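So this block is input.cif, mmCIF, C-alpha atoms:
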data_data
#
loop_
_atom_site.label_atom_id
_atom_site.label_comp_id
_atom_site.auth_asym_id
_atom_site.auth_seq_id
_atom_site.Cartn_x
_atom_site.Cartn_y
_atom_site.Cartn_z
CA MET J 12 13.71 19.23 -3.72
CA THR J 13 10.37 17.66 -4.61
CA ALA J 14 10.40 13.87 -4.90
CA VAL J 15 9.16 12.44 -8.19
CA VAL J 16 6.12 10.22 -7.70
CA ASP J 17 5.45 7.54 -10.29
CA PRO J 18 1.99 7.33 -11.94
CA GLU J 19 1.07 4.10 -10.13
CA THR J 20 1.73 5.68 -6.75
CA ARG J 21 -0.32 8.72 -7.68
CA ALA J 22 -3.17 6.48 -8.84
CA LEU J 23 -3.05 4.49 -5.59
CA ARG J 24 -3.08 7.67 -3.52
CA ARG J 25 -5.99 9.02 -5.53
CA ALA J 26 -7.88 5.74 -5.10
CA ARG J 27 -7.18 5.80 -1.37
CA ARG J 28 -8.55 9.33 -1.04
CA THR J 29 -11.60 8.42 -3.12
CA ILE J 30 -12.38 5.35 -1.03
CA ALA J 31 -11.86 7.29 2.19
CA GLY J 32 -14.21 10.04 0.94
CA GLN J 33 -16.86 7.53 -0.04
CA ILE J 34 -16.66 5.81 3.34
CA ALA J 35 -16.93 9.19 5.08
CA VAL J 36 -19.98 10.14 2.99
CA VAL J 37 -21.73 6.84 3.70
CA ILE J 38 -21.08 7.03 7.43
CA THR J 39 -22.16 10.68 7.49
CA LEU J 40 -25.44 9.84 5.75
CA VAL J 41 -26.05 6.99 8.18
CA VAL J 42 -25.48 9.30 11.16
CA LEU J 43 -27.73 11.95 9.61
CA ALA J 44 -30.45 9.38 9.08
CA ALA J 45 -30.08 8.15 12.67
CA GLY J 46 -30.20 11.75 13.92
CA GLY J 47 -33.29 12.51 11.85
CA ILE J 48 -35.05 9.45 13.23
CA SER J 49 -34.07 10.40 16.79
CA TYR J 50 -35.40 13.93 16.31
CA TRP J 51 -38.65 12.62 14.84
CA VAL J 52 -39.13 10.19 17.75
CA LEU J 53 -38.47 12.98 20.28
CA LEU J 54 -40.84 15.39 18.54
CA ARG J 55 -43.57 12.80 18.33
CA GLY J 56 -43.16 11.93 22.00
CA GLN J 57 -43.34 15.60 22.97
CA ASN J 58 -46.48 16.13 20.91
CA ASP J 59 -48.12 13.14 22.58
CA GLU J 60 -47.12 14.47 25.98
CA VAL J 61 -48.54 17.94 25.21
CA ASP J 62 -51.77 16.39 23.92
CA ARG J 63 -52.24 14.25 27.06
CA THR J 64 -51.41 17.10 29.42
CA LEU J 65 -53.83 19.55 27.79
CA ASN J 66 -56.63 16.98 27.64
CA THR J 67 -56.11 16.05 31.30
CA THR J 68 -56.06 19.69 32.38
CA LEU J 69 -59.27 20.51 30.49
CA ALA J 70 -60.98 17.39 31.82
CA ARG J 71 -60.19 18.13 35.51
CA GLY J 72 -61.16 21.79 35.33
CA LEU J 73 -60.51 24.24 38.14
CA SER J 74 -60.76 21.58 40.86
CA VAL J 75 -57.20 20.37 40.33
CA THR J 76 -54.13 22.51 39.93
CA PRO J 77 -52.48 21.60 36.63
CA PRO J 78 -48.80 20.62 36.48
CA GLY J 79 -46.14 23.28 36.20
CA CYS J 80 -45.98 25.36 33.02
CA VAL J 81 -49.67 24.56 32.32
CA TYR J 82 -52.51 27.09 32.76
CA LEU J 83 -56.28 26.69 32.58
CA VAL J 84 -58.61 29.60 31.88
CA THR J 85 -62.42 29.26 32.13
CA PRO J 86 -65.32 31.71 32.47
CA ALA J 87 -65.27 30.90 36.20
CA GLY J 88 -61.58 31.74 36.73
CA HIS J 89 -58.17 30.31 36.12
CA VAL J 90 -55.58 28.01 37.76
CA PRO J 91 -53.07 28.23 39.09
CA SER J 92 -54.24 31.28 40.96
CA GLY J 93 -52.37 34.55 40.81
CA PRO J 94 -51.35 36.75 37.93
CA MET J 95 -50.93 35.07 34.56
CA PRO J 96 -47.46 35.33 32.92
CA PHE J 97 -49.08 36.51 29.70
CA ALA J 98 -52.14 38.34 28.51
CA VAL J 99 -54.84 35.79 27.81
CA PRO J 100 -55.86 36.08 24.16
CA PRO J 101 -59.49 35.90 23.13
CA PRO J 102 -60.57 32.32 22.63
CA ALA J 103 -60.62 30.86 19.19
CA SER J 104 -63.97 30.43 17.56
CA VAL J 105 -65.58 27.20 18.84
CA PRO J 106 -69.29 27.83 18.24
CA ASN J 107 -70.49 24.25 18.61
CA ASP J 108 -70.48 21.99 21.63
CA GLY J 109 -67.47 19.70 21.52
CA ASP J 110 -65.47 21.88 19.15
CA VAL J 111 -61.70 21.80 19.84
CA VAL J 112 -59.07 24.13 18.37
CA THR J 113 -55.35 23.60 19.05
CA GLU J 114 -52.71 26.11 17.96
CA GLU J 115 -49.21 27.28 18.89
CA ARG J 116 -49.00 30.89 20.00
CA SER J 117 -46.28 33.30 21.13
CA LEU J 118 -47.45 34.87 24.39
CA GLY J 119 -45.53 37.05 26.84
CA GLY J 120 -42.18 36.27 25.19
CA GLY J 121 -42.74 32.53 25.35
CA THR J 122 -44.12 29.83 23.10
CA TYR J 123 -47.31 28.07 24.22
CA MET J 124 -49.49 25.33 22.89
CA MET J 125 -53.07 26.59 23.31
CA ARG J 126 -56.15 24.36 23.19
CA THR J 127 -59.67 25.83 23.20
CA VAL J 128 -62.70 23.59 23.95
CA ASN J 129 -66.46 24.25 23.91
CA ARG J 130 -68.21 22.04 26.46
CA GLY J 131 -71.88 22.72 27.00
CA GLY J 132 -71.51 26.29 25.86
CA GLN J 133 -68.62 26.90 28.25
CA VAL J 134 -65.40 27.81 26.49
CA SER J 135 -62.20 26.80 28.30
CA GLN J 136 -58.59 27.43 27.32
CA ALA J 137 -55.55 25.40 28.35
CA PHE J 138 -52.02 26.71 27.82
CA MET J 139 -48.76 24.73 28.04
CA ASP J 140 -45.38 26.47 28.04
CA GLU J 141 -43.09 24.72 25.53
CA TYR J 142 -39.86 26.26 26.80
CA TYR J 143 -38.36 23.04 28.16
CA LEU J 144 -39.61 21.02 25.22
CA ILE J 145 -37.94 23.43 22.81
CA MET J 146 -34.75 23.33 24.89
CA ASP J 147 -34.76 19.53 24.71
CA ARG J 148 -35.07 19.68 20.93
CA GLU J 149 -32.29 22.27 20.62
CA GLN J 150 -29.98 20.23 22.85
CA LEU J 151 -30.70 17.14 20.76
CA VAL J 152 -29.89 19.04 17.56
CA PHE J 153 -26.68 20.41 19.10
CA GLY J 154 -25.66 16.95 20.30
CA LEU J 155 -26.38 15.48 16.88
CA ALA J 156 -24.33 18.23 15.21
CA VAL J 157 -21.36 17.56 17.51
CA ALA J 158 -21.74 13.82 17.02
CA GLU J 159 -21.92 14.32 13.26
CA LEU J 160 -18.71 16.36 13.28
CA VAL J 161 -16.88 13.82 15.44
CA VAL J 162 -18.15 10.92 13.38
CA LEU J 163 -17.18 12.72 10.16
CA LEU J 164 -13.62 13.23 11.37
CA ALA J 165 -13.44 9.65 12.64
CA ALA J 166 -14.89 8.41 9.36
CA VAL J 167 -12.29 10.32 7.33
CA VAL J 168 -9.40 8.98 9.43
CA SER J 169 -10.71 5.42 9.67
CA GLY J 170 -11.74 5.47 6.01
CA TYR J 171 -8.24 6.57 5.03
CA LEU J 172 -6.70 3.79 7.11
CA LEU J 173 -9.14 1.15 5.88
CA ALA J 174 -8.68 2.31 2.31
CA GLY J 175 -4.93 1.97 2.77
CA ARG J 176 -5.37 -1.62 3.93
CA ALA J 177 -7.81 -2.32 1.12
CA ILE J 178 -5.52 -1.12 -1.67
CA ARG J 179 -2.33 -2.50 -0.11
CA PRO J 180 -2.60 -5.78 -2.10
CA LEU J 181 -3.03 -3.72 -5.28
CA GLY J 182 0.03 -1.66 -4.42
CA GLU J 183 1.98 -4.84 -3.73
CA ALA J 184 0.85 -6.26 -7.07
CA LEU J 185 1.99 -3.13 -8.88
CA ARG J 186 5.31 -3.20 -7.02
CA ARG J 187 5.81 -6.84 -7.95
CA GLN J 188 4.97 -5.99 -11.55
CA ARG J 189 7.56 -3.21 -11.65
CA THR J 190 10.09 -5.47 -9.97
CA PHE J 191 9.41 -8.25 -12.46
CA VAL J 192 9.82 -5.92 -15.42
CA ALA J 193 13.08 -4.54 -14.01
CA ASP J 194 14.39 -8.02 -13.17
CA ALA J 195 13.42 -9.39 -16.55
CA SER J 196 15.08 -6.47 -18.34
CA HIS J 197 18.31 -6.97 -16.44
CA GLU J 198 18.36 -10.76 -16.54
CA LEU J 199 17.83 -10.78 -20.29
CA ARG J 200 20.35 -8.05 -21.03
CA ALA J 201 23.49 -10.09 -20.37
CA PRO J 202 22.60 -13.21 -22.43
CA LEU J 203 21.27 -11.02 -25.24
CA THR J 204 24.49 -9.02 -25.25
CA ARG J 205 26.55 -12.21 -25.46
CA LEU J 206 24.37 -13.58 -28.26
CA HIS J 207 24.65 -10.32 -30.15
CA THR J 208 28.44 -10.28 -29.79
CA ARG J 209 28.77 -13.91 -30.89
CA THR J 210 26.48 -13.49 -33.89
CA GLN J 211 28.41 -10.39 -34.94
CA LEU J 212 31.65 -12.36 -34.75
CA LEU J 213 30.19 -15.30 -36.68
CA ALA J 214 28.77 -12.93 -39.30
CA ARG J 215 32.20 -11.34 -39.80
CA ARG J 216 33.87 -14.73 -40.07
CA ALA J 217 31.16 -16.06 -42.39
CA ARG J 218 31.79 -13.19 -44.79
CA GLY J 219 35.48 -14.03 -44.86
CA SER J 220 37.04 -17.02 -46.60
CA SER J 221 40.15 -17.59 -44.52
CA ALA J 222 38.46 -18.49 -41.22
CA PRO J 223 35.26 -20.48 -41.71
CA VAL J 224 32.74 -20.88 -38.88
CA SER J 225 33.48 -23.96 -36.79
CA PRO J 226 30.87 -26.31 -35.26
CA ALA J 227 32.19 -25.44 -31.77
CA GLU J 228 31.34 -21.79 -32.32
CA LEU J 229 27.84 -22.74 -33.42
CA ASP J 230 27.49 -24.95 -30.34
CA THR J 231 28.45 -21.96 -28.18
CA LEU J 232 25.72 -19.96 -29.88
CA VAL J 233 23.22 -22.75 -29.21
CA ASP J 234 24.27 -22.81 -25.55
CA GLY J 235 23.62 -19.10 -25.36
CA THR J 236 20.10 -19.46 -26.73
CA ARG J 237 19.44 -22.28 -24.26
CA GLU J 238 20.61 -20.09 -21.40
CA LEU J 239 18.32 -17.33 -22.62
CA GLY J 240 15.40 -19.74 -22.58
CA GLU J 241 16.28 -20.85 -19.04
CA VAL J 242 16.28 -17.23 -17.87
CA VAL J 243 12.85 -16.62 -19.40
CA GLU J 244 11.47 -19.81 -17.84
CA ASP J 245 12.83 -18.93 -14.40
CA LEU J 246 11.38 -15.42 -14.62
CA LEU J 247 7.97 -16.75 -15.55
CA LEU J 248 8.05 -19.23 -12.69
CA SER J 249 9.09 -16.54 -10.22
CA ALA J 250 6.18 -14.34 -11.35
CA GLN J 251 3.59 -17.03 -10.52
CA ALA J 252 1.89 -16.41 -7.19
CA GLY J 253 2.37 -19.20 -4.69
CA CYS J 254 4.71 -21.19 -6.91
CA GLU J 255 6.81 -23.82 -5.19
CA ARG J 256 10.50 -23.18 -4.70
CA PRO J 257 12.63 -25.20 -7.14
CA SER J 258 14.31 -28.26 -5.69
CA LEU J 259 18.03 -28.07 -4.98
CA GLU J 260 20.49 -30.37 -6.63
CA PRO J 261 24.27 -30.84 -6.48
CA VAL J 262 25.97 -28.10 -8.50
CA GLU J 263 29.67 -27.95 -9.36
CA LEU J 264 30.58 -24.30 -8.97
CA GLY J 265 33.90 -24.69 -10.79
CA LEU J 266 32.20 -26.03 -13.88
CA LEU J 267 29.63 -23.22 -13.83
CA ALA J 268 32.46 -20.70 -13.46
CA GLU J 269 34.33 -22.11 -16.44
CA GLN J 270 31.17 -22.08 -18.56
CA ALA J 271 30.38 -18.49 -17.55
CA VAL J 272 33.93 -17.35 -18.35
CA ALA J 273 33.83 -19.13 -21.69
CA ALA J 274 30.49 -17.48 -22.48
CA GLU J 275 31.97 -14.04 -21.77
CA ALA J 276 35.29 -14.69 -23.50
CA VAL J 277 34.23 -13.14 -26.82
CA ARG J 278 32.91 -9.95 -25.25
CA ALA J 279 35.90 -9.69 -22.93
CA GLY J 280 38.20 -10.16 -25.92
CA ASP J 281 36.48 -7.38 -27.86
CA ARG J 282 37.06 -5.08 -24.88
CA ARG J 283 40.68 -6.35 -24.55
CA VAL J 284 40.06 -7.61 -21.04
CA HIS J 285 41.80 -10.78 -19.86
CA ILE J 286 39.47 -13.21 -18.07
CA CYS J 287 40.35 -16.55 -16.44
CA VAL J 288 39.40 -19.13 -13.79
CA HIS J 289 41.66 -20.51 -11.01
CA ARG J 290 40.83 -23.56 -8.88
CA SER J 291 42.73 -24.37 -5.73
CA PRO J 292 44.32 -27.87 -5.60
CA GLY J 293 42.00 -30.57 -4.28
CA LEU J 294 38.99 -28.26 -4.58
CA ALA J 295 35.65 -29.65 -3.36
CA ASP J 296 33.20 -27.28 -5.02
CA VAL J 297 29.84 -29.12 -5.11
CA VAL J 298 27.05 -27.16 -3.41
CA PRO J 299 23.27 -27.68 -3.20
CA GLY J 300 21.54 -25.20 -5.48
CA VAL J 301 19.61 -24.37 -8.62
CA PRO J 302 21.99 -24.48 -11.60
CA THR J 303 20.18 -21.85 -13.67
CA ALA J 304 20.05 -19.41 -10.76
CA LEU J 305 23.73 -19.85 -9.84
CA ARG J 306 24.67 -19.54 -13.50
CA ARG J 307 22.89 -16.17 -13.58
CA VAL J 308 24.80 -15.12 -10.46
CA LEU J 309 28.12 -15.75 -12.18
CA SER J 310 26.87 -14.13 -15.38
CA ALA J 311 25.79 -11.00 -13.49
CA LEU J 312 29.11 -10.73 -11.63
CA LEU J 313 31.12 -11.15 -14.81
CA ASP J 314 28.89 -8.72 -16.68
CA ASN J 315 29.42 -6.18 -13.91
CA ALA J 316 33.18 -6.74 -13.95
CA ILE J 317 33.49 -6.48 -17.75
CA GLY J 318 31.38 -3.35 -17.79
CA HIS J 319 33.67 -1.58 -15.31
CA THR J 320 37.08 -2.88 -16.40
CA PRO J 321 38.94 -0.73 -18.94
CA PRO J 322 40.90 -2.18 -21.88
CA GLY J 323 44.07 -3.92 -20.75
CA GLY J 324 42.52 -4.93 -17.42
CA SER J 325 41.90 -8.39 -16.07
CA ILE J 326 39.18 -10.42 -14.34
CA GLU J 327 39.97 -13.47 -12.23
CA VAL J 328 37.49 -16.01 -10.92
CA THR J 329 38.99 -18.00 -8.05
CA LEU J 330 37.50 -21.00 -6.24
CA ALA J 331 38.80 -22.39 -2.95
CA ASN J 332 37.76 -24.16 0.27
CA PRO J 333 38.31 -21.80 3.21
CA ASP J 334 37.38 -24.69 5.54
CA ASP J 335 35.92 -28.19 5.43
CA ARG J 336 32.30 -26.98 5.22
CA HIS J 337 32.32 -24.17 2.68
CA VAL J 338 33.15 -23.28 -0.90
CA GLU J 339 34.33 -19.76 -1.65
CA LEU J 340 34.09 -18.14 -5.08
CA ARG J 341 35.83 -14.82 -5.69
CA VAL J 342 35.41 -12.52 -8.71
CA GLN J 343 38.17 -9.91 -8.79
CA ASP J 344 38.64 -7.21 -11.43
CA THR J 345 41.06 -4.32 -12.02
CA GLY J 346 38.33 -1.91 -13.01
CA THR J 347 37.09 1.43 -11.72
CA GLY J 348 36.25 0.01 -8.30
CA PHE J 349 34.09 1.79 -5.74
CA ALA J 350 34.39 3.56 -2.42
CA GLN J 351 34.41 1.06 0.42
CA ARG J 352 31.75 3.11 2.20
CA ASP J 353 29.41 2.06 -0.62
CA ALA J 354 29.88 -1.64 0.10
CA GLU J 355 26.74 -1.85 2.24
CA ARG J 356 24.68 -0.20 -0.52
CA LEU J 357 26.03 -2.22 -3.44
CA PHE J 358 23.23 -4.75 -3.25
CA GLU J 359 20.39 -2.23 -3.14
CA ARG J 360 18.34 -1.89 -6.29
CA PHE J 361 19.58 0.90 -8.56
CA ALA J 362 22.02 2.25 -5.97
CA HIS J 363 24.55 4.91 -6.99
CA GLY J 364 28.10 5.13 -5.79
CA THR J 365 29.56 8.15 -4.02
CA SER J 366 33.02 7.87 -5.50
CA GLY J 367 34.36 10.31 -8.03
CA GLU J 368 33.50 7.97 -10.89
CA GLY J 369 29.83 8.07 -9.93
CA ARG J 370 29.55 4.35 -10.48
CA ARG J 371 25.98 3.11 -10.82
CA PHE J 372 25.56 -0.37 -9.39
CA GLY J 373 22.23 -1.06 -11.08
CA LEU J 374 19.99 -4.05 -10.50
CA GLY J 375 22.30 -7.00 -11.17
CA LEU J 376 24.07 -7.02 -7.80
CA ALA J 377 20.73 -6.79 -5.98
CA LEU J 378 19.54 -9.90 -7.83
CA VAL J 379 22.85 -11.62 -7.10
CA HIS J 380 22.38 -10.92 -3.40
CA GLU J 381 18.82 -12.31 -3.48
CA VAL J 382 19.89 -15.53 -5.19
CA VAL J 383 22.95 -16.07 -2.98
CA THR J 384 21.05 -15.51 0.27
CA GLY J 385 18.24 -17.69 -1.08
CA HIS J 386 20.80 -20.50 -1.34
CA GLY J 387 21.86 -19.94 2.26
CA GLY J 388 25.12 -18.30 1.18
CA THR J 389 26.76 -14.97 1.82
CA ILE J 390 28.26 -12.31 -0.42
CA ALA J 391 30.72 -9.57 0.45
CA ALA J 392 32.25 -6.75 -1.58
CA ALA J 393 35.56 -4.96 -1.24
CA GLY J 394 37.19 -2.35 -3.40
CA ALA J 395 38.67 1.10 -3.83
CA PRO J 396 38.25 3.78 -6.52
CA GLY J 397 40.55 3.13 -9.47
CA VAL J 398 41.90 -0.11 -7.98
CA GLY J 399 39.17 -2.61 -8.73
CA ALA J 400 36.47 -4.62 -6.98
CA THR J 401 36.31 -8.06 -5.41
CA PHE J 402 33.09 -9.98 -4.76
CA THR J 403 33.37 -12.99 -2.49
CA LEU J 404 30.62 -15.61 -2.38
CA ARG J 405 30.53 -18.36 0.21
CA PHE J 406 28.29 -21.44 0.08
CA THR J 407 27.89 -24.50 2.25
CA ARG J 408 29.27 -27.63 0.62
CA ALA J 409 26.88 -30.41 -0.36
CA ALA J 410 26.80 -33.40 1.99
CA ARG J 411 28.85 -36.30 0.76
#
I'd like the structure from this file rewritten - as structure tokens, please.
Amino acid sequence: MTAVVDPETRALRRARRTIAGQIAVVITLVVLAAGGISYWVLLRGQNDEVDRTLNTTLARGLSVTPPGCVYLVTPAGHVPSGPMPFAVPPPASVPNDGDVVTEERSLGGGTYMMRTVNRGGQVSQAFMDEYYLIMDREQLVFGLAVAELVVLLAAVVSGYLLAGRAIRPLGEALRRQRTFVADASHELRAPLTRLHTRTQLLARRARGSSAPVSPAELDTLVDGTRELGEVVEDLLLSAQAGCERPSLEPVELGLLAEQAVAAEAVRAGDRRVHICVHRSPGLADVVPGVPTALRRVLSALLDNAIGHTPPGGSIEVTLANPDDRHVELRVQDTGTGFAQRDAERLFERFAHGTSGEGRRFGLGLALVHEVVTGHGGTIAAAGAPGVGATFTLRFTRAAR
């Protein structure tokens, strides 16, 4: 099965390939330029060497044996002595004293640089075999071709790696953007749903004459809009790069739980789900935290419970002190539940359950996990299909 790749990922991959190709082209051109310069320097040095050798050979004449691969032919004879490896061609036309003609000729299956000189009416010819010079040039070209191939492969690989590092911040920015959009969508869904439910209820009551709208109900609506504003403000702060972490303050978990349950009471009532809060006797429930963030944790847990609890079910929020140092908050519902083997995956973004109900855990529990762990707390989940789910949060108590 082919995995679906989102457009941003495809664009990043395309950009990475483009950058890698451009790097490879630039490096290849640099190597080609360096190779061309090397070949030109070698060729120029060889030409200078041939010119010096031929001039020296012609100047010394027959009195000195020329170096290997060099032959001198004059009207008086030739050196080195012995048979020539090629048939000596007729000299080029040099009618005037001091005339010099230099040309490359193919003689006897080899390539020679031939120089003809007229000195005092005597025409002399010097020949230099270019076999080793040509071999040097061919070896240089072969070496440059191999080096170009190796460099091209290295440039492609290194360019791909460097391009990956170069676009990594862009990929991270796109990932953060997608995460922000998903988080914002989820964080705003619950308060908007509550506001919608409350306004529907108030609209129905306003149209009737027997049950007028009370100030308390309007205050609840105002509280909901304030909570919505807090969510938007927190999301905007979290999206700012390098923003400072908000300062912690004493938060009474029991009070937050009661407020969250009261906020969800209308929606739970419409779904015929009983919801309540229980505090253990002598509860010490003050923890260091960010009130808006912990309020969203409770809202997300209750939203998850209401969404998966059928009519006639119940949701209980229980607070207790398991020991002298911690506060434990438990949200238990009688809903569809989940397979216990999914407990480790519950807090992954957009995870799906493997139970028969095919429960989709969504984004809310992942955000809950991030907030709870950010407060130094822990969260655990337990449940069974058709029985319900229990989420247990544990925080360190605030110092007295």
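Using all atoms listed in the file for every distance, the candidate list J:Thr303, J:Ser135, J:Thr384, J:Gln57 yields J:Ser135 as the residue closest to Pro86 (chain J).
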Might you spell out which residues the PyMOL selection byres ((chain J and resi 328) around 12) would select in the displayed file, as an NGL selection string? :J and (264-273 or 285-291 or 309-310 or 312-313 or 316 or 325-327 or 329-331 or 339-344 or 401-404)
For the atom pair CA of Val52 (chain J) and CA of Ala165 (chain J), what is the interatomic distance in Å to one decimal place? 26.2 Å
Quick one: residues within 9 Å of Glu355 (chain J), only C-alpha atoms counted, chain neighbours fewer than 4 positions away excluded, as a ChimeraX atom specification? /J:351,359,391-392
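Coordinates place CA of Ile390 (chain J) at a distance of 27.1 Å from CA of Gly323 (chain J).
Of the listed residues J:Ala214, J:Met125, J:Val152, J:Val99, the one whose atoms come nearest to Ala45 (chain J) is J:Val152, with distances taken using only C-alpha atoms.
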Test item: residues at most 12 Å from region 62-68 of chain J, all atoms listed in the file, excluding those fewer than 5 positions along its chain, as a PyMOL selection string: chain J and resi 55-57+73-85+89-91+111-114+123-128+135-141
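Atom pair CA of Leu181 (chain J) / CA of Leu376 (chain J): separated by 27.4 Å.
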Could you give me the centre and size, in Å to one decimal, of an axis-aligned box around all listed atoms of region 143-161 of chain J with 5 Å added on every side, as lines of an AutoDock Vina configuration file?
center_x = -28.2
center_y = 18.6
center_z = 20.7
size_x = 32.7
size_y = 19.6
size_z = 24.9
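Closest approach to Glu260 (chain J) among J:Gly93, J:Pro299, J:Gly293, J:Gly46: J:Pro299, based on all atoms listed in the file.
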Gln133 (chain J): which residues within 12 Å, counting all atoms listed in the file, same-chain residues fewer than 6 positions away excluded, as a PyMOL selection string? chain J and resi 69+72+84-87+102+105-110+127
Selection: 7 Å around Ile34 (chain J), all atoms listed in the file, excl. self and same-chain fewer than 3 positions, as a list of chain:residue names: J:Ile30, J:Ala31, J:Val37, J:Ile38, J:Ala166, J:Gly170
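The smallest atom-to-atom distance between Leu172 (chain J) and any of J:Gly88, J:Pro292, J:Gly32, J:Pro101, using only C-alpha atoms, is found for J:Gly32.
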Any chance you could work out the residue set of the PyMOL selection byres ((chain J and resi 283) around 12) here, as a PyMOL selection string? chain J and resi 275-282+284-286+317-318+320-326
Restricting the output to C-alpha atoms, write the selected residues as a CSV table (one decimal), in the frame of the given file.
chain,number,residue,atom,x,y,z
J,275,GLU,CA,32.0,-14.0,-21.8
J,276,ALA,CA,35.3,-14.7,-23.5
J,277,VAL,CA,34.2,-13.1,-26.8
J,278,ARG,CA,32.9,-10.0,-25.2
J,279,ALA,CA,35.9,-9.7,-22.9
J,280,GLY,CA,38.2,-10.2,-25.9
J,281,ASP,CA,36.5,-7.4,-27.9
J,282,ARG,CA,37.1,-5.1,-24.9
J,284,VAL,CA,40.1,-7.6,-21.0
J,285,HIS,CA,41.8,-10.8,-19.9
J,286,ILE,CA,39.5,-13.2,-18.1
J,317,ILE,CA,33.5,-6.5,-17.8
J,318,GLY,CA,31.4,-3.4,-17.8
J,320,THR,CA,37.1,-2.9,-16.4
J,321,PRO,CA,38.9,-0.7,-18.9
J,322,PRO,CA,40.9,-2.2,-21.9
J,323,GLY,CA,44.1,-3.9,-20.8
J,324,GLY,CA,42.5,-4.9,-17.4
J,325,SER,CA,41.9,-8.4,-16.1
J,326,ILE,CA,39.2,-10.4,-14.3
Residues near Gly394 (chain J), anyone? I mean within 6 Å using all atoms listed in the file, not counting same-chain ones fewer than 6 positions away, as a compact mmCIF listing (two decimals) with C-alpha atoms, in the coordinates of the input.
# COMPACT_ATOMS: atom_id res chain seq x y z
CA GLY J 348 36.25 0.01 -8.30
CA PHE J 349 34.09 1.79 -5.74
CA GLN J 351 34.41 1.06 0.42
CA ALA J 400 36.47 -4.62 -6.98
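Residues near the point (26.1, -32.2, -8.3), at a distance of 8 Å or less over all atoms listed in the file, make up J:Glu260, J:Pro261, J:Val262, J:Glu263, J:Val297, J:Val298, J:Pro299.
With all atoms listed in the file as the basis for measurement, J:Thr29 is the residue among J:Thr208, J:Thr389, J:Thr29, J:Ser258 that approaches Gly175 (chain J) most closely.
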